[in-house]
There are 2 protein chains.
Amino acid sequence: MGVEAAISALTEGSELRTRSLIVTIFGDLARAPGAEIPGPVLSAITGRIGVKPEAMRVALHRLRKDDWLASRRDGRVSHYGLTEAGRAASEKATGRIYAAAPAAPALWHVLVAGPLDPAARLAHDGALAAAGYVTLAPGAWLGTGPAPADTPGLFAFDGTPAALPDWLRAELLPPALERGYASFARGLAATETALGPGPLPALDRAALRVLIVHGWRRLVLRHPDLPDAFFPAGWAGPVARARVKALLARLGQPAIAAIAETAATARLDDPAARR
Amino acid sequence: MGVEAAISALTEGSELRTRSLIVTIFGDLARAPGAEIPGPVLSAITGRIGVKPEAMRVALHRLRKDDWLASRRDGRVSHYGLTEAGRAASEKATGRIYAAAPAAPALWHVLVAGPLDPAARLAHDGALAAAGYVTLAPGAWLGTGPAPADTPGLFAFDGTPAALPDWLRAELLPPALERGYASFARGLAATETALGPGPLPALDRAALRVLIVHGWRRLVLRHPDLPDAFFPAGWAGPVARARVKALLARLGQPAIAAIAETAATARLDDPAARR
C-alpha cells in the first residue's frame, strides 16, 4: 500500500527517538494555545509510525516531568497539551522548520574577541553558537542583523559577506549532515511517488506530516539559519526544502477530531489494535 | 638662541639614524621629478641638525648603492637626487606623512582565513600587514575599502566597524609607540615656544622641517592609517598632528637655492664650519 511504502521511505535509515517524535507531533498538530491531543489519538499516530506503546508511555512520562507536556483526565481518557514552556520552545523552532525559504538577512555582523584562553573561547563559542552565530575562526563569529549595541570586549563590525570560501561551507555542513540531507531528500522523493494523487485518511496524513516535519527538523536545527550560498554547491538542502513544502501542502493540516475519527475506524477494522 | 633650543627639543631622546634622516630630507625638500640637492647644501642641513660628516658620507654611499639616490658631478660639486625607485617609495609614504587628517574610510572589510598552520598564518599576517591591514585575531584581519574581488580561501566581509574594544586599541598602539607620540608632541610644543613669531633663515627652516617631518614619519609609519577612534582615548596623536601641521605651515617650504644662500653665508660667518 502507498502509505506503508511512504512511511518506510521516511523512517528507514534513521533511528526515531520517541521523545523527540512526540515533541514534533505537538509542535506540528497542537501548537495553538489550549490545543490538546487525546491519548488514543496520540497512540494511533505513533502506532501508525511504528512506535511501541511502552516507548510511548515512557516518553510521555518524561515529557511531563520535564514540563514540556501537561495532561488532564476526562473520564477514562487522558488529554495531553504543551505547557507554556513547551509551547515557547516549539514556537522558537517553528520559524526555522516551516520557513518557506532560508534566512536572507540584509545585514550581518562579525564579532572578534581579543586574546582569550581556551576555556573562555569555548564559553564564547557555546553562547554565540546557541544564539545562531557561525564560528569563522578561533575568536571570530558571524551573526545576522546589526551587531548588538553592547558587546563588551568584542570588536564588532556591521556589513555583508563578500566571499564565502569552501572551508567555511564544509564547516557549516559536515559530511554526516550533508549525507543526512541527501538521504532525506531521497526519502521525500520516494514518499511523493508512493503516495500518488489520491485522497488519504486524516490519520495517515497526520502520521506522514509528523515524519516529514520530524526528519526536516532534525536537519535544519543542526546548523545555523543561513542562505543556501553558505552551503556546499549541490547539497540536497534546497531540494529537500522544496519537497517538504510540496508534501506538507499536499497532506494539509488534519484536525485532531478528524484524526480521532479515522483512528477509531482503524481500530474497529484492525483486530490487532484491540487490547 | 631659539632655533638651537628648537633643534634640541626635536632631537633629544630619539636616536637619529642618518640614512633615514637623508631619506626624510629628499622626501621633504626634493621630491619633485628632477629636483636635486647640492652636496654642500645637504651637508649644511645635516650639519645644522648635528650629523657628523663621516656618518653623512657613509649614508650617502649606502643610499646610492640601494638605488635610492643618484648623484652627478658638476665641477667640484656633487648633486644628489632621488632615483625613480626612491621617488616612488617617497611618494608612497607622502600620503600618510602630509595628510591633514587620518584615514576616514566609508567602507571597510574583514578577511578571515580557514584553519592555517602557524607558518601559513605568519605569511598571511606579513603580507596583509604590509598592505595596511590590522590583525584582529589569529587569522582575522581588518582592511579599508571594499574587499578585494579575489580573495582565494578567505572569508571576506564588507562593512563598517560598530564597536572598538580596548584590547584592539592597545594592540594598535603599544606602550612604546604611545610614549613616542607623547614625547614627540612635547618636543613640538617646546619647538613652538622656542621659535617665537620672528622670521627664520632658510637653512634653519629646512633643518627644522626635516626634524619635524622625520619625527612624525617615524611614528605614523609604525601603525596602520586608521581614524583616531581606533587608538586609546587621550593618546597624543591628534595633538602631535595638529602641531606638525601648524609648524610646517609656519616654516614654509624653503627653496633649495634659498637654503644654499643661507648655508654659504653661515659658512662664512662661522669659523668652525671652515675645514
# chains A, B, ... in the order shown; residues from 1 in each chain; ligands from 1

call {"tool": "residues_around", "arguments": {"residues": "Thr46 of chain B", "least_positions_apart": "5", "cutoff": "10 Å", "atoms": "only C-alpha atoms", "output": "PyMOL selection string"}}
result
chain B and resi 18+21-22+25+40-41+51-53+55-56+206-207+210-211

call {"tool": "residues_around", "arguments": {"residues": "Tyr133 of chain A", "least_positions_apart": "6", "cutoff": "7 Å", "atoms": "only C-alpha atoms", "output": "MDAnalysis selection string"}}
result
chainID A and resid 141:143 224

call {"tool": "write_last_selection", "arguments": {"atoms": "N, CA, C and O atoms", "output": "tab-separated table (two decimals), in the first residue's frame"}}
result
chain	number	residue	atom	x	y	z
A	141	TRP	N	33.32	35.41	14.94
A	141	TRP	CA	32.00	34.86	14.69
A	141	TRP	C	31.20	35.74	13.74
A	141	TRP	O	31.38	36.96	13.70
A	142	LEU	N	30.28	35.10	13.01
A	142	LEU	CA	29.39	35.80	12.08
A	142	LEU	C	27.96	35.67	12.58
A	142	LEU	O	27.50	34.56	12.86
A	143	GLY	N	27.25	36.80	12.68
A	143	GLY	CA	25.86	36.79	13.12
A	143	GLY	C	25.00	37.57	12.15
A	143	GLY	O	25.52	38.33	11.32
A	224	PRO	N	23.24	26.66	11.62
A	224	PRO	CA	22.61	27.98	11.69
A	224	PRO	C	21.76	28.25	10.45
A	224	PRO	O	21.96	27.65	9.40

call {"tool": "closest_residue", "arguments": {"among": "A:Ala242, A:Val134, A:Ala147, A:Ile7", "to": "chain B", "atoms": "only C-alpha atoms"}}
result
A:Ala147

call {"tool": "interface_residues", "arguments": {"of": "chain A", "to": "chain B", "cutoff": "9 Å", "atoms": "only C-alpha atoms", "output": "PDB file with N, CA and C atoms, in the first residue's frame"}}
result
ATOM      1  N   TRP A 108      24.453  41.837   8.370  1.00  0.00           N
ATOM      2  CA  TRP A 108      25.126  40.828   9.178  1.00  0.00           C
ATOM      3  C   TRP A 108      26.118  41.550  10.078  1.00  0.00           C
ATOM      4  N   HIS A 109      26.718  40.803  10.974  1.00  0.00           N
ATOM      5  CA  HIS A 109      27.836  41.395  11.714  1.00  0.00           C
ATOM      6  C   HIS A 109      28.855  40.322  12.068  1.00  0.00           C
ATOM      7  N   VAL A 110      30.068  40.802  12.239  1.00  0.00           N
ATOM      8  CA  VAL A 110      31.172  39.943  12.660  1.00  0.00           C
ATOM      9  C   VAL A 110      31.597  40.403  14.051  1.00  0.00           C
ATOM     10  N   VAL A 112      34.705  39.833  16.966  1.00  0.00           N
ATOM     11  CA  VAL A 112      36.037  39.252  17.171  1.00  0.00           C
ATOM     12  C   VAL A 112      36.442  39.489  18.620  1.00  0.00           C
ATOM     13  N   ALA A 113      36.851  38.411  19.283  1.00  0.00           N
ATOM     14  CA  ALA A 113      37.290  38.514  20.675  1.00  0.00           C
ATOM     15  C   ALA A 113      38.772  38.820  20.714  1.00  0.00           C
ATOM     16  N   GLY A 114      39.218  39.456  21.775  1.00  0.00           N
ATOM     17  CA  GLY A 114      40.648  39.685  21.987  1.00  0.00           C
ATOM     18  C   GLY A 114      41.309  38.390  22.419  1.00  0.00           C
ATOM     19  N   PRO A 115      42.582  38.467  22.757  1.00  0.00           N
ATOM     20  CA  PRO A 115      43.276  37.254  23.201  1.00  0.00           C
ATOM     21  C   PRO A 115      42.496  36.570  24.327  1.00  0.00           C
ATOM     22  N   LEU A 136      33.749  31.576  12.639  1.00  0.00           N
ATOM     23  CA  LEU A 136      34.558  31.735  11.430  1.00  0.00           C
ATOM     24  C   LEU A 136      35.990  31.267  11.664  1.00  0.00           C
ATOM     25  N   ALA A 137      36.503  31.567  12.853  1.00  0.00           N
ATOM     26  CA  ALA A 137      37.879  31.226  13.222  1.00  0.00           C
ATOM     27  C   ALA A 137      37.896  31.273  14.746  1.00  0.00           C
ATOM     28  N   PRO A 138      38.967  30.775  15.375  1.00  0.00           N
ATOM     29  CA  PRO A 138      39.014  30.874  16.832  1.00  0.00           C
ATOM     30  C   PRO A 138      38.885  32.330  17.249  1.00  0.00           C
ATOM     31  N   GLY A 139      37.785  32.673  17.926  1.00  0.00           N
ATOM     32  CA  GLY A 139      37.599  34.045  18.383  1.00  0.00           C
ATOM     33  C   GLY A 139      36.958  34.978  17.373  1.00  0.00           C
ATOM     34  N   ALA A 140      36.410  34.436  16.268  1.00  0.00           N
ATOM     35  CA  ALA A 140      35.733  35.289  15.271  1.00  0.00           C
ATOM     36  C   ALA A 140      34.416  34.642  14.861  1.00  0.00           C
ATOM     37  N   PRO A 146      22.175  43.681  12.649  1.00  0.00           N
ATOM     38  CA  PRO A 146      23.257  44.558  13.108  1.00  0.00           C
ATOM     39  C   PRO A 146      23.888  44.003  14.386  1.00  0.00           C
ATOM     40  N   ALA A 147      25.114  44.407  14.668  1.00  0.00           N
ATOM     41  CA  ALA A 147      25.778  43.980  15.896  1.00  0.00           C
ATOM     42  C   ALA A 147      24.970  44.461  17.097  1.00  0.00           C
ATOM     43  N   ALA A 149      24.024  46.221  20.518  1.00  0.00           N
ATOM     44  CA  ALA A 149      24.536  47.513  20.982  1.00  0.00           C
ATOM     45  C   ALA A 149      25.659  47.316  22.001  1.00  0.00           C
ATOM     46  N   ASP A 150      25.552  46.279  22.800  1.00  0.00           N
ATOM     47  CA  ASP A 150      26.523  46.097  23.868  1.00  0.00           C
ATOM     48  C   ASP A 150      27.288  44.788  23.667  1.00  0.00           C
ATOM     49  N   THR A 151      28.537  44.906  23.238  1.00  0.00           N
ATOM     50  CA  THR A 151      29.363  43.717  23.037  1.00  0.00           C
ATOM     51  C   THR A 151      30.684  43.923  23.777  1.00  0.00           C
ATOM     52  N   PRO A 152      30.634  43.881  25.097  1.00  0.00           N
ATOM     53  CA  PRO A 152      31.828  44.236  25.878  1.00  0.00           C
ATOM     54  C   PRO A 152      33.019  43.359  25.510  1.00  0.00           C
ATOM     55  N   GLY A 153      34.146  44.005  25.229  1.00  0.00           N
ATOM     56  CA  GLY A 153      35.378  43.278  24.944  1.00  0.00           C
ATOM     57  C   GLY A 153      35.463  42.701  23.551  1.00  0.00           C
ATOM     58  N   LEU A 154      34.446  42.921  22.721  1.00  0.00           N
ATOM     59  CA  LEU A 154      34.473  42.357  21.367  1.00  0.00           C
ATOM     60  C   LEU A 154      34.598  43.467  20.325  1.00  0.00           C
ATOM     61  N   PHE A 155      35.365  43.170  19.289  1.00  0.00           N
ATOM     62  CA  PHE A 155      35.357  44.028  18.108  1.00  0.00           C
ATOM     63  C   PHE A 155      34.094  43.668  17.330  1.00  0.00           C
ATOM     64  N   ALA A 156      33.279  44.659  16.994  1.00  0.00           N
ATOM     65  CA  ALA A 156      32.031  44.396  16.273  1.00  0.00           C
ATOM     66  C   ALA A 156      32.059  45.144  14.954  1.00  0.00           C
ATOM     67  N   PHE A 157      31.526  44.505  13.913  1.00  0.00           N
ATOM     68  CA  PHE A 157      31.646  45.020  12.552  1.00  0.00           C
ATOM     69  C   PHE A 157      30.361  44.688  11.794  1.00  0.00           C
ATOM     70  N   ASP A 158      29.639  45.720  11.340  1.00  0.00           N
ATOM     71  CA  ASP A 158      28.387  45.514  10.604  1.00  0.00           C
ATOM     72  C   ASP A 158      28.655  45.447   9.109  1.00  0.00           C
ATOM     73  N   GLY A 159      27.960  44.574   8.383  1.00  0.00           N
ATOM     74  CA  GLY A 159      28.157  44.543   6.941  1.00  0.00           C
ATOM     75  C   GLY A 159      27.501  43.352   6.280  1.00  0.00           C
ATOM     76  N   THR A 160      28.075  42.950   5.160  1.00  0.00           N
ATOM     77  CA  THR A 160      27.537  41.810   4.402  1.00  0.00           C
ATOM     78  C   THR A 160      28.689  40.972   3.867  1.00  0.00           C
ATOM     79  N   PRO A 161      28.492  39.653   3.816  1.00  0.00           N
ATOM     80  CA  PRO A 161      29.547  38.785   3.281  1.00  0.00           C
ATOM     81  C   PRO A 161      29.831  39.111   1.810  1.00  0.00           C
ATOM     82  N   ALA A 162      31.117  39.089   1.455  1.00  0.00           N
ATOM     83  CA  ALA A 162      31.515  39.374   0.075  1.00  0.00           C
ATOM     84  C   ALA A 162      32.081  38.121  -0.593  1.00  0.00           C
ATOM     85  N   ALA A 163      32.647  37.207   0.176  1.00  0.00           N
ATOM     86  CA  ALA A 163      33.199  35.981  -0.409  1.00  0.00           C
ATOM     87  C   ALA A 163      33.128  34.860   0.620  1.00  0.00           C
ATOM     88  N   LEU A 164      32.599  33.703   0.192  1.00  0.00           N
ATOM     89  CA  LEU A 164      32.434  32.557   1.084  1.00  0.00           C
ATOM     90  C   LEU A 164      33.353  31.432   0.624  1.00  0.00           C
ATOM     91  N   PRO A 165      34.403  31.169   1.395  1.00  0.00           N
ATOM     92  CA  PRO A 165      35.359  30.144   0.958  1.00  0.00           C
ATOM     93  C   PRO A 165      34.813  28.731   1.198  1.00  0.00           C
ATOM     94  N   ASP A 166      35.391  27.777   0.487  1.00  0.00           N
ATOM     95  CA  ASP A 166      34.929  26.387   0.584  1.00  0.00           C
ATOM     96  C   ASP A 166      35.072  25.809   1.986  1.00  0.00           C
ATOM     97  N   TRP A 167      36.157  26.196   2.697  1.00  0.00           N
ATOM     98  CA  TRP A 167      36.340  25.616   4.039  1.00  0.00           C
ATOM     99  C   TRP A 167      35.193  26.000   4.968  1.00  0.00           C
ATOM    100  N   LEU A 168      34.626  27.202   4.763  1.00  0.00           N
ATOM    101  CA  LEU A 168      33.520  27.624   5.620  1.00  0.00           C
ATOM    102  C   LEU A 168      32.265  26.804   5.299  1.00  0.00           C
TER     103      LEU A 168
END

call {"tool": "residues_around", "arguments": {"residues": "Ala9 of chain B", "least_positions_apart": "6", "cutoff": "8 Å", "atoms": "only C-alpha atoms", "output": "PyMOL selection string"}}
result
chain B and resi 187-188+190-191

call {"tool": "write_last_selection", "arguments": {"atoms": "N, CA, C and O atoms", "output": "PDB file, in the first residue's frame"}}
result
ATOM      1  N   GLY B 187      57.937  67.689  22.397  1.00  0.00           N
ATOM      2  CA  GLY B 187      59.023  68.300  21.632  1.00  0.00           C
ATOM      3  C   GLY B 187      58.496  69.378  20.693  1.00  0.00           C
ATOM      4  O   GLY B 187      59.110  70.444  20.537  1.00  0.00           O
ATOM      5  N   LEU B 188      57.358  69.102  20.073  1.00  0.00           N
ATOM      6  CA  LEU B 188      56.756  70.071  19.149  1.00  0.00           C
ATOM      7  C   LEU B 188      56.293  71.320  19.895  1.00  0.00           C
ATOM      8  O   LEU B 188      56.461  72.450  19.415  1.00  0.00           O
ATOM      9  N   ALA B 190      57.550  72.458  22.698  1.00  0.00           N
ATOM     10  CA  ALA B 190      58.764  73.187  23.071  1.00  0.00           C
ATOM     11  C   ALA B 190      59.329  73.930  21.862  1.00  0.00           C
ATOM     12  O   ALA B 190      59.835  75.056  21.987  1.00  0.00           O
ATOM     13  N   THR B 191      59.243  73.331  20.691  1.00  0.00           N
ATOM     14  CA  THR B 191      59.720  73.969  19.456  1.00  0.00           C
ATOM     15  C   THR B 191      58.917  75.236  19.166  1.00  0.00           C
ATOM     16  O   THR B 191      59.481  76.292  18.869  1.00  0.00           O
TER      17      THR B 191
END

call {"tool": "residues_around", "arguments": {"residues": "Pro33 of chain B", "least_positions_apart": "3", "cutoff": "12 Å", "atoms": "only C-alpha atoms", "output": "JSON, numbers by chain"}}
result
{"B": [26, 27, 29, 30, 36, 81, 82, 83, 84, 85, 86, 87, 88, 90, 91]}

call {"tool": "atom_distance", "arguments": {"atom1": "atom CA of His79 of chain B", "atom2": "atom CA of Ala35 of chain B"}}
result
9.6 Å
